[in-house]
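Raw contents of model-v9.pdb, PDB, C-alpha atoms and all ligand atoms:
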ATOM      1  CA  MET A  87      20.666   2.940 -11.645
ATOM      2  CA  TYR A  88      24.116   4.376 -12.547
ATOM      3  CA  GLY A  89      25.032   7.354 -10.380
ATOM      4  CA  ASP A  90      22.054   6.884  -8.039
ATOM      5  CA  PRO A  91      23.386   7.858  -4.580
ATOM      6  CA  TYR A  92      20.595   5.829  -2.949
ATOM      7  CA  ALA A  93      21.251   2.569  -4.831
ATOM      8  CA  ALA A  94      23.388   1.004  -2.083
ATOM      9  CA  ALA A  95      20.909   1.969   0.642
ATOM     10  CA  ARG A  96      18.082   0.473  -1.401
ATOM     11  CA  ARG A  97      19.981  -2.812  -1.889
ATOM     12  CA  ASP A  98      20.740  -2.958   1.846
ATOM     13  CA  MET A  99      17.077  -2.332   2.643
ATOM     14  CA  VAL A 100      16.064  -5.287   0.475
ATOM     15  CA  ASP A 101      18.707  -7.607   1.963
ATOM     16  CA  GLN A 102      18.550  -6.596   5.630
ATOM     17  CA  GLN A 103      14.911  -5.641   6.116
ATOM     18  CA  LEU A 104      13.083  -7.846   3.595
ATOM     19  CA  VAL A 105      15.031 -11.000   2.661
ATOM     20  CA  ARG A 106      16.310 -11.564   6.206
ATOM     21  CA  ARG A 107      12.796 -11.262   7.597
ATOM     22  CA  GLY A 108      11.360 -13.804   5.216
ATOM     23  CA  ILE A 109      10.061 -11.950   2.145
ATOM     24  CA  ARG A 110      10.497 -14.552  -0.613
ATOM     25  CA  ASP A 111       8.528 -13.343  -3.633
ATOM     26  CA  LEU A 112      11.209 -12.363  -6.153
ATOM     27  CA  ARG A 113       8.888 -10.042  -8.052
ATOM     28  CA  VAL A 114       8.187  -8.117  -4.828
ATOM     29  CA  LEU A 115      11.900  -7.962  -3.979
ATOM     30  CA  ASP A 116      12.743  -6.761  -7.502
ATOM     31  CA  ALA A 117      10.078  -4.050  -7.364
ATOM     32  CA  MET A 118      11.348  -2.825  -4.011
ATOM     33  CA  ALA A 119      14.914  -2.852  -5.318
ATOM     34  CA  LYS A 120      13.795  -0.654  -8.201
ATOM     35  CA  VAL A 121      11.354   1.999  -6.925
ATOM     36  CA  PRO A 122      13.200   5.118  -5.650
ATOM     37  CA  ARG A 123      11.616   5.439  -2.198
ATOM     38  CA  GLN A 124      13.547   8.661  -1.502
ATOM     39  CA  ARG A 125      11.394  10.423  -4.102
ATOM     40  CA  PHE A 126       8.239   9.665  -2.076
ATOM     41  CA  VAL A 127       9.364  11.191   1.227
ATOM     42  CA  PRO A 128       9.568  14.905   2.020
ATOM     43  CA  GLU A 129      12.977  16.537   1.431
ATOM     44  CA  GLU A 130      13.783  16.801   5.154
ATOM     45  CA  TYR A 131      13.379  13.025   5.644
ATOM     46  CA  ARG A 132      15.134  11.948   2.456
ATOM     47  CA  HIS A 133      18.248  10.766   4.318
ATOM     48  CA  LEU A 134      15.966   8.377   6.273
ATOM     49  CA  ALA A 135      14.153   7.039   3.197
ATOM     50  CA  TYR A 136      15.639   3.527   3.495
ATOM     51  CA  ASP A 137      15.413   3.272   7.283
ATOM     52  CA  ASP A 138      13.368   0.505   8.834
ATOM     53  CA  SER A 139      10.461   2.791   9.714
ATOM     54  CA  ALA A 140       7.399   4.707   8.597
ATOM     55  CA  LEU A 141       7.962   8.448   7.944
ATOM     56  CA  PRO A 142       5.711  11.537   7.970
ATOM     57  CA  ILE A 143       4.381  12.698   4.589
ATOM     58  CA  GLY A 144       2.158  15.609   5.656
ATOM     59  CA  GLU A 145      -1.526  15.841   6.720
ATOM     60  CA  CYS A 146      -0.507  13.754   9.812
ATOM     61  CA  GLN A 147      -0.141  10.703   7.525
ATOM     62  CA  THR A 148       2.784   8.358   6.929
ATOM     63  CA  ILE A 149       4.583   6.408   4.226
ATOM     64  CA  SER A 150       4.559   2.826   5.538
ATOM     65  CA  GLN A 151       7.664   0.960   6.746
ATOM     66  CA  PRO A 152       9.345  -0.846   3.795
ATOM     67  CA  TYR A 153       8.903  -4.264   5.430
ATOM     68  CA  MET A 154       5.163  -3.678   5.862
ATOM     69  CA  VAL A 155       4.876  -2.606   2.200
ATOM     70  CA  ALA A 156       6.599  -5.862   1.202
ATOM     71  CA  VAL A 157       4.458  -8.046   3.507
ATOM     72  CA  MET A 158       1.221  -6.495   2.226
ATOM     73  CA  THR A 159       2.297  -6.745  -1.406
ATOM     74  CA  GLU A 160       3.408 -10.357  -1.071
ATOM     75  CA  ALA A 161       0.096 -11.252   0.590
ATOM     76  CA  LEU A 162      -1.838  -9.870  -2.402
ATOM     77  CA  GLY A 163      -0.316 -12.542  -4.690
ATOM     78  CA  LEU A 164      -0.273 -10.276  -7.737
ATOM     79  CA  GLU A 165       0.165 -11.519 -11.286
ATOM     80  CA  PRO A 166       1.178  -9.429 -14.312
ATOM     81  CA  GLY A 167      -2.456  -9.304 -15.457
ATOM     82  CA  SER A 168      -3.963  -8.354 -12.068
ATOM     83  CA  ARG A 169      -6.255  -5.385 -11.517
ATOM     84  CA  VAL A 170      -5.724  -3.871  -8.076
ATOM     85  CA  LEU A 171      -7.500  -1.336  -5.902
ATOM     86  CA  GLU A 172      -5.506   0.531  -3.246
ATOM     87  CA  VAL A 173      -7.296   2.430  -0.476
ATOM     88  CA  GLY A 174      -5.023   5.158   0.926
ATOM     89  CA  THR A 175      -2.621   6.455  -1.740
ATOM     90  CA  GLY A 176      -0.577   8.462   0.777
ATOM     91  CA  SER A 177       2.819   9.219  -0.763
ATOM     92  CA  GLY A 178       2.197   6.922  -3.751
ATOM     93  CA  TYR A 179       5.130   4.629  -2.869
ATOM     94  CA  GLN A 180       3.010   1.530  -2.335
ATOM     95  CA  THR A 181       1.070   2.483  -5.476
ATOM     96  CA  ALA A 182       4.317   2.394  -7.489
ATOM     97  CA  ILE A 183       5.197  -1.050  -6.102
ATOM     98  CA  LEU A 184       1.739  -2.320  -7.088
ATOM     99  CA  ALA A 185       2.086  -0.765 -10.542
ATOM    100  CA  GLU A 186       5.383  -2.642 -11.052
ATOM    101  CA  LEU A 187       3.614  -5.950 -10.428
ATOM    102  CA  ALA A 188       0.082  -5.601 -11.798
ATOM    103  CA  ALA A 189      -1.580  -4.579 -15.050
ATOM    104  CA  GLN A 190      -3.731  -1.756 -13.672
ATOM    105  CA  VAL A 191      -3.847   0.010 -10.325
ATOM    106  CA  TYR A 192      -6.734   2.107  -9.022
ATOM    107  CA  THR A 193      -5.902   4.180  -5.950
ATOM    108  CA  VAL A 194      -8.092   6.365  -3.719
ATOM    109  CA  GLU A 195      -6.934   8.946  -1.149
ATOM    110  CA  ARG A 196      -9.060  11.197   1.073
ATOM    111  CA  PHE A 197      -6.625  14.166   1.047
ATOM    112  CA  ASP A 198      -6.492  15.971  -2.286
ATOM    113  CA  THR A 199      -3.002  17.372  -1.495
ATOM    114  CA  LEU A 200      -1.527  13.881  -1.034
ATOM    115  CA  SER A 201      -3.414  12.503  -4.026
ATOM    116  CA  GLU A 202      -2.214  15.293  -6.329
ATOM    117  CA  ASN A 203       1.437  15.060  -5.150
ATOM    118  CA  ALA A 204       1.416  11.303  -5.655
ATOM    119  CA  ARG A 205      -0.263  11.553  -9.058
ATOM    120  CA  ALA A 206       2.303  14.078 -10.330
ATOM    121  CA  LEU A 207       5.279  12.070  -9.032
ATOM    122  CA  LEU A 208       4.014   8.731 -10.371
ATOM    123  CA  CYS A 209       3.476  10.364 -13.755
ATOM    124  CA  GLU A 210       6.990  11.897 -13.671
ATOM    125  CA  LEU A 211       8.439   8.454 -12.852
ATOM    126  CA  GLY A 212       6.749   7.066 -15.947
ATOM    127  CA  TYR A 213       3.898   4.980 -14.520
ATOM    128  CA  ARG A 214       1.045   4.785 -17.021
ATOM    129  CA  ASN A 215      -1.036   2.043 -15.429
ATOM    130  CA  ILE A 216      -2.366   3.991 -12.427
ATOM    131  CA  LEU A 217      -5.685   5.788 -12.066
ATOM    132  CA  SER A 218      -6.171   7.878  -8.939
ATOM    133  CA  ARG A 219      -8.963   9.795  -7.334
ATOM    134  CA  VAL A 220      -9.905  11.645  -4.160
ATOM    135  CA  GLY A 221     -12.635  10.303  -1.888
ATOM    136  CA  ASP A 222     -13.599   7.683   0.653
ATOM    137  CA  GLY A 223     -11.801   4.582  -0.561
ATOM    138  CA  SER A 224     -13.781   2.331   1.781
ATOM    139  CA  LYS A 225     -16.569   2.605  -0.802
ATOM    140  CA  GLY A 226     -14.196   1.146  -3.390
ATOM    141  CA  TRP A 227     -14.327   2.048  -7.080
ATOM    142  CA  PRO A 228     -17.555   0.331  -8.202
ATOM    143  CA  GLU A 229     -17.314   1.241 -11.904
ATOM    144  CA  ALA A 230     -13.929  -0.510 -12.160
ATOM    145  CA  ALA A 231     -14.846  -3.593 -10.067
ATOM    146  CA  PRO A 232     -14.283  -6.495  -9.749
ATOM    147  CA  PHE A 233     -10.670  -6.415  -8.575
ATOM    148  CA  ASP A 234      -8.267  -9.343  -8.302
ATOM    149  CA  ALA A 235      -6.747  -7.724  -5.241
ATOM    150  CA  ILE A 236      -7.648  -4.913  -2.853
ATOM    151  CA  LEU A 237      -5.196  -3.358  -0.399
ATOM    152  CA  VAL A 238      -6.279  -1.088   2.439
ATOM    153  CA  THR A 239      -3.320   0.866   3.839
ATOM    154  CA  ALA A 240      -5.134   2.399   6.838
ATOM    155  CA  ALA A 241      -6.533   0.745   9.967
ATOM    156  CA  ALA A 242     -10.171  -0.395   9.898
ATOM    157  CA  ARG A 243     -12.504  -1.569  12.694
ATOM    158  CA  GLU A 244     -14.155  -4.035  10.350
ATOM    159  CA  ILE A 245     -14.114  -5.084   6.707
ATOM    160  CA  PRO A 246     -15.935  -2.504   4.561
ATOM    161  CA  GLU A 247     -18.843  -4.353   2.895
ATOM    162  CA  GLU A 248     -18.382  -2.498  -0.381
ATOM    163  CA  LEU A 249     -14.809  -3.758  -0.679
ATOM    164  CA  GLU A 250     -15.855  -7.375  -0.164
ATOM    165  CA  ALA A 251     -18.514  -6.891  -2.817
ATOM    166  CA  GLN A 252     -15.935  -5.569  -5.298
ATOM    167  CA  LEU A 253     -13.571  -8.553  -5.029
ATOM    168  CA  ALA A 254     -13.366 -10.980  -7.965
ATOM    169  CA  PRO A 255     -14.242 -14.637  -7.153
ATOM    170  CA  GLN A 256     -10.598 -15.620  -6.501
ATOM    171  CA  GLY A 257      -9.750 -12.156  -5.170
ATOM    172  CA  ARG A 258      -7.705 -11.273  -2.082
ATOM    173  CA  LEU A 259      -8.316  -8.337   0.265
ATOM    174  CA  VAL A 260      -5.436  -7.317   2.547
ATOM    175  CA  ILE A 261      -6.451  -5.033   5.390
ATOM    176  CA  PRO A 262      -5.320  -4.021   8.908
ATOM    177  CA  ILE A 263      -8.151  -4.555  11.412
ATOM    178  CA  GLY A 264      -8.122  -3.671  15.087
ATOM    179  CA  ASP A 265      -8.367  -0.578  17.239
ATOM    180  CA  ARG A 266      -7.017   2.910  16.604
ATOM    181  CA  THR A 267      -3.511   2.152  17.813
ATOM    182  CA  LEU A 268      -2.821  -1.530  17.136
ATOM    183  CA  GLN A 269      -4.110  -3.906  14.507
ATOM    184  CA  ASP A 270      -3.627  -7.280  12.849
ATOM    185  CA  LEU A 271      -3.031  -7.505   9.134
ATOM    186  CA  TYR A 272      -5.538  -9.904   7.534
ATOM    187  CA  ARG A 273      -5.820 -11.512   4.138
ATOM    188  CA  VAL A 274      -9.478 -12.088   3.326
ATOM    189  CA  SER A 275     -10.504 -14.347   0.468
ATOM    190  CA  ARG A 276     -13.716 -16.029  -0.643
ATOM    191  CA  GLU A 277     -14.169 -19.633   0.412
ATOM    192  CA  GLY A 278     -17.345 -21.190  -0.952
ATOM    193  CA  GLU A 279     -20.248 -19.113   0.359
ATOM    194  CA  GLY A 280     -18.160 -17.644   3.163
ATOM    195  CA  TRP A 281     -14.864 -15.892   3.739
ATOM    196  CA  ARG A 282     -11.485 -17.148   4.814
ATOM    197  CA  MET A 283      -9.518 -14.819   7.091
ATOM    198  CA  GLU A 284      -5.782 -15.313   7.634
ATOM    199  CA  ASN A 285      -3.944 -13.301  10.280
ATOM    200  CA  ILE A 286      -0.602 -12.328   8.758
ATOM    201  CA  THR A 287       1.075 -10.176  11.400
ATOM    202  CA  SER A 288       0.445  -7.442  13.937
ATOM    203  CA  CYS A 289       0.797  -3.876  12.703
ATOM    204  CA  ARG A 290       0.222  -0.206  13.441
ATOM    205  CA  PHE A 291      -1.467   2.004  10.839
ATOM    206  CA  VAL A 292      -3.046   5.434  10.790
ATOM    207  CA  PRO A 293      -6.854   5.220  11.005
ATOM    208  CA  LEU A 294      -9.134   4.619   8.042
ATOM    209  CA  VAL A 295     -11.492   7.582   8.209
ATOM    210  CA  ALA A 296     -14.739   5.905   7.246
ATOM    211  CA  GLU A 297     -17.821   4.130   8.602
ATOM    212  CA  ALA A 298     -15.832   0.908   8.855
ATOM    213  CA  GLY A 299     -12.992   2.831  10.532
ATOM    214  CA  TRP A 300     -13.048   5.943  12.696
ATOM    215  CA  PRO A 301     -14.240   9.534  12.570
ATOM    216  CA  GLU A 302     -11.707  12.262  11.827
ATOM    217  CA  ASP A 303      -9.759  13.434  14.933
TER     218      ASP A 303
HETATM  219  N1  LIG B 401       0.485   3.423   1.112
HETATM  220  C1  LIG B 401       0.898   4.732   1.510
HETATM  221  C2  LIG B 401       2.312   5.041   1.127
HETATM  222  O1  LIG B 401       3.007   4.174   0.590
HETATM  223  O2  LIG B 401       2.707   6.185   1.338
HETATM  224  C3  LIG B 401       0.714   4.947   2.981
HETATM  225  C4  LIG B 401      -0.678   5.174   3.311
HETATM  226  S1  LIG B 401      -0.970   5.901   4.886
HETATM  227  C5  LIG B 401      -0.378   4.700   6.027
HETATM  228  C6  LIG B 401      -2.746   5.715   4.896
HETATM  229  C7  LIG B 401      -3.448   6.646   3.960
HETATM  230  O3  LIG B 401      -4.836   6.332   3.969
HETATM  231  C8  LIG B 401      -3.345   8.108   4.355
HETATM  232  O4  LIG B 401      -2.809   8.853   3.302
HETATM  233  C9  LIG B 401      -4.778   8.507   4.662
HETATM  234  O5  LIG B 401      -5.084   9.842   4.351
HETATM  235  C10 LIG B 401      -5.558   7.532   3.799
HETATM  236  N2  LIG B 401      -6.955   7.303   4.197
HETATM  237  C11 LIG B 401      -7.482   7.171   5.438
HETATM  238  N3  LIG B 401      -8.810   6.948   5.353
HETATM  239  C12 LIG B 401      -9.126   6.924   4.034
HETATM  240  C13 LIG B 401     -10.323   6.711   3.296
HETATM  241  N4  LIG B 401     -11.491   6.477   3.896
HETATM  242  N5  LIG B 401     -10.267   6.749   1.948
HETATM  243  C14 LIG B 401      -9.096   6.984   1.304
HETATM  244  N6  LIG B 401      -7.921   7.196   1.947
HETATM  245  C15 LIG B 401      -7.937   7.148   3.286
END
Starting from the coordinates I provided, produce the structure as structure tokens.
Ligand code: SAM
Amino acid sequence: MYGDPYAAARRDMVDQQLVRRGIRDLRVLDAMAKVPRQRFVPEEYRHLAYDDSALPIGECQTISQPYMVAVMTEALGLEPGSRVLEVGTGSGYQTAILAELAAQVYTVERFDTLSENARALLCELGYRNILSRVGDGSKGWPEAAPFDAILVTAAAREIPEELEAQLAPQGRLVIPIGDRTLQDLYRVSREGEGWRMENITSCRFVPLVAEAGWPED
């Protein structure tokens, strides 16, 4: 983007934090080289937007570390025609990355403030393939199911049954599972009558506030 003061920082983020650590999917790298992450962080943290870390976004929630966004997105294996459900809109940054790579994104956030801020920003940035709503995303979005991919961006204790039920036959669910402070990121996919679970990496997410997660603090 000509005249974008963050362009160099964004390129460095992709090279140093993503490519060097093994992110290979060119579509994911292109999306992360394009989406202006600084727009999704509060003004006072804007100078840190391309740092290798999560940042506060209000309501005691965070925008995830760029590397974790890339790992989760790559694991979803999105195609241009994919329909995706995201649980935990947060700042909307991950939503924008998904919208760059898929046909339609559905995103659910429990805080109406975060949901509304993200909706307005995503609209201003020109995304027209995102539908958002406020609620408990662990229940999914049954009217829009099945989904080719589901991404949960908050830490669960176990896989929410409703999300499994809303996955398409070849669908992939990416979800952090563990305790309140430390989790493993899993990719869950159907295998015959059962489920295949692949442990991708260890991670640290804010809690999913839900039956399959934890009660509110
Ligand atoms: N992907 C986001 C981004 O790029 O900014 C980061 C998401 S943040 C790590 C996790 C989000 O999940 C928080 O905004 C939190 O409020 C939300 N959340 C937690 N439990 C939820 C639930 N049951 N349903 C919907 N959203 C939930």
Quick one: which chain A residues come within 9 Å of ligand LIG 401 (chain B), and what is the nearest atom pair for each with the distance in Å to one decimal, counting all atoms listed in the file, rows ordered by chain and ascending number, as JSON lines?
{"residue": "A:Phe126", "atom": "CA", "partner": "B:LIG401", "partner_atom": "O2", "distance": 7.4}
{"residue": "A:Val127", "atom": "CA", "partner": "B:LIG401", "partner_atom": "O2", "distance": 8.3}
{"residue": "A:Ala140", "atom": "CA", "partner": "B:LIG401", "partner_atom": "C5", "distance": 8.2}
{"residue": "A:Leu141", "atom": "CA", "partner": "B:LIG401", "partner_atom": "O2", "distance": 8.7}
{"residue": "A:Ile143", "atom": "CA", "partner": "B:LIG401", "partner_atom": "O2", "distance": 7.5}
{"residue": "A:Gly144", "atom": "CA", "partner": "B:LIG401", "partner_atom": "O4", "distance": 8.7}
{"residue": "A:Glu145", "atom": "CA", "partner": "B:LIG401", "partner_atom": "O5", "distance": 7.4}
{"residue": "A:Cys146", "atom": "CA", "partner": "B:LIG401", "partner_atom": "O5", "distance": 8.1}
{"residue": "A:Gln147", "atom": "CA", "partner": "B:LIG401", "partner_atom": "C8", "distance": 5.2}
{"residue": "A:Thr148", "atom": "CA", "partner": "B:LIG401", "partner_atom": "C5", "distance": 4.9}
{"residue": "A:Ile149", "atom": "CA", "partner": "B:LIG401", "partner_atom": "O2", "distance": 3.5}
{"residue": "A:Ser150", "atom": "CA", "partner": "B:LIG401", "partner_atom": "C3", "distance": 5.1}
{"residue": "A:Gln151", "atom": "CA", "partner": "B:LIG401", "partner_atom": "O1", "distance": 8.4}
{"residue": "A:Pro152", "atom": "CA", "partner": "B:LIG401", "partner_atom": "O1", "distance": 8.7}
{"residue": "A:Val155", "atom": "CA", "partner": "B:LIG401", "partner_atom": "O1", "distance": 7.2}
{"residue": "A:Glu172", "atom": "CA", "partner": "B:LIG401", "partner_atom": "N1", "distance": 8.0}
{"residue": "A:Val173", "atom": "CA", "partner": "B:LIG401", "partner_atom": "C14", "distance": 5.2}
{"residue": "A:Gly174", "atom": "CA", "partner": "B:LIG401", "partner_atom": "O3", "distance": 3.3}
{"residue": "A:Thr175", "atom": "CA", "partner": "B:LIG401", "partner_atom": "C1", "distance": 5.1}
{"residue": "A:Gly176", "atom": "CA", "partner": "B:LIG401", "partner_atom": "O4", "distance": 3.4}
{"residue": "A:Ser177", "atom": "CA", "partner": "B:LIG401", "partner_atom": "O2", "distance": 3.7}
{"residue": "A:Gly178", "atom": "CA", "partner": "B:LIG401", "partner_atom": "O2", "distance": 5.2}
{"residue": "A:Tyr179", "atom": "CA", "partner": "B:LIG401", "partner_atom": "O1", "distance": 4.1}
{"residue": "A:Gln180", "atom": "CA", "partner": "B:LIG401", "partner_atom": "O1", "distance": 3.9}
{"residue": "A:Thr181", "atom": "CA", "partner": "B:LIG401", "partner_atom": "O1", "distance": 6.6}
{"residue": "A:Ala182", "atom": "CA", "partner": "B:LIG401", "partner_atom": "O1", "distance": 8.4}
{"residue": "A:Ile183", "atom": "CA", "partner": "B:LIG401", "partner_atom": "O1", "distance": 8.8}
{"residue": "A:Thr193", "atom": "CA", "partner": "B:LIG401", "partner_atom": "C14", "distance": 8.4}
{"residue": "A:Val194", "atom": "CA", "partner": "B:LIG401", "partner_atom": "C14", "distance": 5.2}
{"residue": "A:Glu195", "atom": "CA", "partner": "B:LIG401", "partner_atom": "N6", "distance": 3.7}
{"residue": "A:Arg196", "atom": "CA", "partner": "B:LIG401", "partner_atom": "C14", "distance": 4.2}
{"residue": "A:Phe197", "atom": "CA", "partner": "B:LIG401", "partner_atom": "O5", "distance": 5.7}
{"residue": "A:Leu200", "atom": "CA", "partner": "B:LIG401", "partner_atom": "O4", "distance": 6.8}
{"residue": "A:Ser201", "atom": "CA", "partner": "B:LIG401", "partner_atom": "O4", "distance": 8.2}
{"residue": "A:Ala204", "atom": "CA", "partner": "B:LIG401", "partner_atom": "O2", "distance": 8.8}
{"residue": "A:Val220", "atom": "CA", "partner": "B:LIG401", "partner_atom": "C14", "distance": 7.2}
{"residue": "A:Gly221", "atom": "CA", "partner": "B:LIG401", "partner_atom": "N5", "distance": 5.7}
{"residue": "A:Asp222", "atom": "CA", "partner": "B:LIG401", "partner_atom": "N5", "distance": 3.7}
{"residue": "A:Gly223", "atom": "CA", "partner": "B:LIG401", "partner_atom": "N5", "distance": 3.7}
{"residue": "A:Ser224", "atom": "CA", "partner": "B:LIG401", "partner_atom": "N4", "distance": 5.2}
{"residue": "A:Lys225", "atom": "CA", "partner": "B:LIG401", "partner_atom": "N4", "distance": 7.9}
{"residue": "A:Gly226", "atom": "CA", "partner": "B:LIG401", "partner_atom": "N5", "distance": 8.7}
{"residue": "A:Leu237", "atom": "CA", "partner": "B:LIG401", "partner_atom": "N1", "distance": 9.0}
{"residue": "A:Val238", "atom": "CA", "partner": "B:LIG401", "partner_atom": "O3", "distance": 7.7}
{"residue": "A:Thr239", "atom": "CA", "partner": "B:LIG401", "partner_atom": "C6", "distance": 5.0}
{"residue": "A:Ala240", "atom": "CA", "partner": "B:LIG401", "partner_atom": "C6", "distance": 4.5}
{"residue": "A:Ala241", "atom": "CA", "partner": "B:LIG401", "partner_atom": "C11", "distance": 7.9}
{"residue": "A:Ala242", "atom": "CA", "partner": "B:LIG401", "partner_atom": "N3", "distance": 8.7}
{"residue": "A:Arg290", "atom": "CA", "partner": "B:LIG401", "partner_atom": "C5", "distance": 8.9}
{"residue": "A:Phe291", "atom": "CA", "partner": "B:LIG401", "partner_atom": "C5", "distance": 5.6}
{"residue": "A:Val292", "atom": "CA", "partner": "B:LIG401", "partner_atom": "C5", "distance": 5.5}
{"residue": "A:Pro293", "atom": "CA", "partner": "B:LIG401", "partner_atom": "C11", "distance": 5.9}
{"residue": "A:Leu294", "atom": "CA", "partner": "B:LIG401", "partner_atom": "N3", "distance": 3.6}
{"residue": "A:Val295", "atom": "CA", "partner": "B:LIG401", "partner_atom": "N3", "distance": 4.0}
{"residue": "A:Ala296", "atom": "CA", "partner": "B:LIG401", "partner_atom": "N4", "distance": 4.7}
{"residue": "A:Glu297", "atom": "CA", "partner": "B:LIG401", "partner_atom": "N4", "distance": 8.2}
{"residue": "A:Ala298", "atom": "CA", "partner": "B:LIG401", "partner_atom": "N4", "distance": 8.6}
{"residue": "A:Gly299", "atom": "CA", "partner": "B:LIG401", "partner_atom": "N4", "distance": 7.7}
{"residue": "A:Trp300", "atom": "CA", "partner": "B:LIG401", "partner_atom": "N3", "distance": 8.5}
{"residue": "A:Glu302", "atom": "CA", "partner": "B:LIG401", "partner_atom": "N3", "distance": 8.9}
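Taking CA of Gly89 (chain A) and CA of Ala185 (chain A) as the two end points, the separation is 24.3 Å.
Taking CA of Ile216 (chain A) and CA of Gln190 (chain A) as endpoints, the distance between them is 6.0 Å.
You will find CA of Val157 (chain A) at 12.0 Å from CA of Asn285 (chain A).
Distances from A:Gln103, A:Glu210, A:Glu130, A:Trp227 to Glu248 (chain A) were compared using all atoms listed in the file, and the smallest one belongs to A:Trp227.
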Could you give me, as a VMD selection string, the residues within 9 Å of region 106-111 of chain A, counting only C-alpha atoms and dropping anything in the same chain fewer than 2 positions from it?
-> chain A and resid 100 to 104 113 to 116 153 156 to 157 160 163
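Residues selected in this file by the PyMOL selection byres (((chain A and resi 123-125) around 8) and not hetatm) comprise A:Tyr92, A:Val121, A:Pro122, A:Phe126, A:Val127, A:Pro128, A:Arg132, A:His133, A:Ala135, A:Tyr136, A:Tyr179.
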Give me region 197-213 of chain A with N, CA and C atoms filled in, as a compact mmCIF listing (two decimals), in the coordinates of the input.
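Result went into part34.txt, see below:
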# COMPACT_ATOMS: atom_id res chain seq x y z
N PHE A 197 -7.19 12.80 1.10
CA PHE A 197 -6.62 14.17 1.05
C PHE A 197 -6.26 14.52 -0.39
N ASP A 198 -6.81 15.63 -0.89
CA ASP A 198 -6.49 15.97 -2.29
C ASP A 198 -5.03 16.38 -2.45
N THR A 199 -4.42 16.98 -1.40
CA THR A 199 -3.00 17.37 -1.50
C THR A 199 -2.13 16.13 -1.73
N LEU A 200 -2.34 15.10 -0.91
CA LEU A 200 -1.53 13.88 -1.03
C LEU A 200 -1.79 13.22 -2.38
N SER A 201 -3.05 13.16 -2.77
CA SER A 201 -3.41 12.50 -4.03
C SER A 201 -2.74 13.20 -5.20
N GLU A 202 -2.78 14.53 -5.20
CA GLU A 202 -2.21 15.29 -6.33
C GLU A 202 -0.69 15.16 -6.37
N ASN A 203 -0.04 15.24 -5.18
CA ASN A 203 1.44 15.06 -5.15
C ASN A 203 1.82 13.69 -5.68
N ALA A 204 1.10 12.68 -5.23
CA ALA A 204 1.42 11.30 -5.66
C ALA A 204 1.18 11.16 -7.16
N ARG A 205 0.07 11.69 -7.64
CA ARG A 205 -0.26 11.55 -9.06
C ARG A 205 0.84 12.16 -9.93
N ALA A 206 1.28 13.39 -9.55
CA ALA A 206 2.30 14.08 -10.33
C ALA A 206 3.63 13.30 -10.32
N LEU A 207 4.01 12.80 -9.13
CA LEU A 207 5.28 12.07 -9.03
C LEU A 207 5.23 10.75 -9.81
N LEU A 208 4.13 10.03 -9.68
CA LEU A 208 4.01 8.73 -10.37
C LEU A 208 4.05 8.93 -11.88
N CYS A 209 3.47 10.03 -12.33
CA CYS A 209 3.48 10.36 -13.76
C CYS A 209 4.91 10.70 -14.19
N GLU A 210 5.60 11.52 -13.37
CA GLU A 210 6.99 11.90 -13.67
C GLU A 210 7.90 10.66 -13.73
N LEU A 211 7.62 9.68 -12.87
CA LEU A 211 8.44 8.45 -12.85
C LEU A 211 8.07 7.49 -13.98
N GLY A 212 7.06 7.84 -14.75
CA GLY A 212 6.75 7.07 -15.95
C GLY A 212 5.67 6.01 -15.81
N TYR A 213 4.96 5.98 -14.68
CA TYR A 213 3.90 4.98 -14.52
C TYR A 213 2.68 5.41 -15.32
